[in-house]
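Enquirer: This is the structure, below, for whatever I ask next.
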Amino acid sequence: MTDINLIISTLTIEEQQQFVTYLKKKNKRNDIKNIQLFKLLQQNELSSSEICLAIYKANKKNAYHALRKRLYQSLIDFIANINLEEENSVDMQVIKYILASRSFLHNQQYKLAYKILDKAEALAEAHYLFSILNEIYHTKIQYAYANPETEINTLIETFKVNQKNLFIEDQLNIVYAKMRQTLHNITYKGDIIDIETLLKTTLQDHHISVTESMSFKSLYQLITLVTIPAFVTNDYLKTEPFIIETYSILKTHKSQSKQLYYHIQVLFLIANTLFRNKKFKESLNYLEQMKTQMLLNRKKHYTTFKLKHQFLLALNANYSNQQKTAIEILEKHINTRHEDLDSLLKIHLSLIMFYIQAKRYKDAHGIFSKFYHTDNYYESKAGKEWVIKKNLIEIILHIELNNINLVESRLLSFKRNYFSYLKQIKQQRAITYLSFIEGYYKDPTYIQTVEFKNKVQGSFEWVGKEREDIFVMSFYAWLKSKMENKPLYETTLELVQLAREN
């Protein structure tokens, strides 16, 4: 997908209509080729050469390239304009107040200038605009001599408090950037790092803790940071109380309506954490809140978060004994084109898992046939963990389809490519699990013997039913269903239900 197609895909239907109107006003001549190009790109059905012929009736590559370049710039200008109108209205208003007050100060209209600065301060303070507040206090202190009503010491103290808040915000932004980079290296490059210790040390080094004076963005960043170790270790129980408690601060935050994007992100993080902790009803509640926020501001962020929302909605349905609903949710998106490739790949793999649980093996294989890229490609798009899951599920699927030769080759490939990495990250039980799969495929009758069951029972190191990862349980459920000769989906739900009973 080219940059221009990607930009168009982020626009809502209403914004696309507004953009056409914007182009009509901008066009100085009767030349409407830019509108023609936009509408053809919207449809996303023709190649570049086909679009060129449709517009110029000839192969005019240079003219077409220039037209695309102009349309690209128009899209950038349009998006910048609507964001200035919607997102930065408060910031712009405060900046206007500051500029007007400075003009009055230069003309020695001190009383009027300070009245306007007071308005700017109140507005900036209400929206946690620490950098802009810094400018306001700087100006007030600079001209304090000309305003007898100014309590200079109080003003200086307020200025210093704001500087601390600004410093914390900057420090948190630095920590956030470092930790997200670390997470990226763990997820997509397979780096071996003690993420929990690193986060704790980094936060302490930068003297960061939760305070109500934090901006909405900072609180979102902090919640994200705390969930990073859970993402790596699959232990979400420890993070749940913190993120829900922090969200209680966010819910009453004065700038929540202005920070809609971050609000949606936080609701997704909470819903995902609750799902991973097998609290499906609570997770669905936060997903409903997430959807409500996605519909605000003329569905501004709806397209961005749609796949994430639908993916998590389907997972909750599947593990709440609503298999048919879960499959229907994901099937709607299986042929979707979207810039969120990570969510698309997760949707594909989850649907394969749902099909296997429903004994729809041919349907599962049909989706697998669409994975025609290399594992290295998928690691760069969805991460190493996703690729490991994909390979394990493929081995299980070929066993179910009785593709014995393919099972053998996939087993050898998995051992060669991932055993060393699994040992490094202390995931020995994944290796143990694969050995049991191999034992089953070589001798299906052995799996139902007492000897095999005792061997399985004594081989896995469980972390406790409440903390055990729901996806790990799903893999184990396949083995258990073979041991007990019971349906896979029924076995999966029984294990999940057992983990939910305290």
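Just so we're on the same page: first chain in the structure tokens is A, next is B, and so on; residues restart at 1 for each chain, and ligands are numbered from 1 in the order they show up.
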List every residue of segment 318-403 of chain A that has an atom at most 12 Å from any atom of segment 28-49 of chain A, and for each one report the closest atom pair and its distance in Å to one decimal, counting only C-alpha atoms, with rows sorted by chain and then by increasing residue number, as a Markdown table.

Expert:
| residue | atom | partner | partner_atom | distance |
| --- | --- | --- | --- | --- |
| A:Thr336 | CA | A:Asn44 | CA | 12.0 |
| A:Arg337 | CA | A:Asn44 | CA | 9.7 |
| A:His338 | CA | A:Asn44 | CA | 11.7 |

Enquirer: Can you measure atom CA of Asn485 of chain A to atom CA of Glu331 of chain A for me? One decimal in Å is fine.

Expert: 28.9 Å

Enquirer: Work out how far atom CA of Asp375 of chain A is from atom CA of Val387 of chain A, in Å to one decimal.

Expert: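 Separating atom CA of Val387 of chain A from atom CA of Asp375 of chain A is a distance of 6.5 Å.
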
Enquirer: Please extract the residues of segment 3-132 of chain A with a backbone DSSP assignment of helix (DSSP H, G or I) and present them as a VMD selection string.

Expert: chain A and resid 3 to 10 13 to 26 33 to 43 48 to 56 61 to 86 89 to 106 110 to 126 130 to 132

Enquirer: Rounded to one decimal in Å, what is the spacing between atom CA of His207 of chain A and atom CA of Ile223 of chain A?

Expert: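 Value for the atom CA of His207 of chain A-atom CA of Ile223 of chain A distance: 16.1 Å.
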
Enquirer: Could you name the residues that touch Lys300 of chain A at 9 Å or less, counting only C-alpha atoms, but leaving out those on the same chain fewer than 3 positions away, as a list in words?

Expert: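 Selected residues are Leu11, Thr12, Glu15, Met294, Leu295, Leu296, Asn297, Thr303 and Thr304 of chain A.
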
Enquirer: Would you mind telling me which residue in A:Leu307, A:Ala358, A:Leu412, A:Ala113 lies nearest to Lys324 of chain A when using only C-alpha atoms?

Expert: A:Ala358

Enquirer: Which residue gives the smallest distance to Lys299 of chain A among A:Ile437, A:Ala499, A:Ile264, A:Leu422, with only C-alpha atoms counted?

Expert: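 Ranked by minimum distance to Lys299 of chain A, first place goes to A:Ile264.
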
Enquirer: Pick out the closest residue to Arg180 of chain A from this set: A:Leu313, A:Leu6, A:Ala146, A:Leu222. Count only C-alpha atoms.

Expert: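 Among the listed residues, the smallest separation from Arg180 of chain A belongs to A:Leu222.
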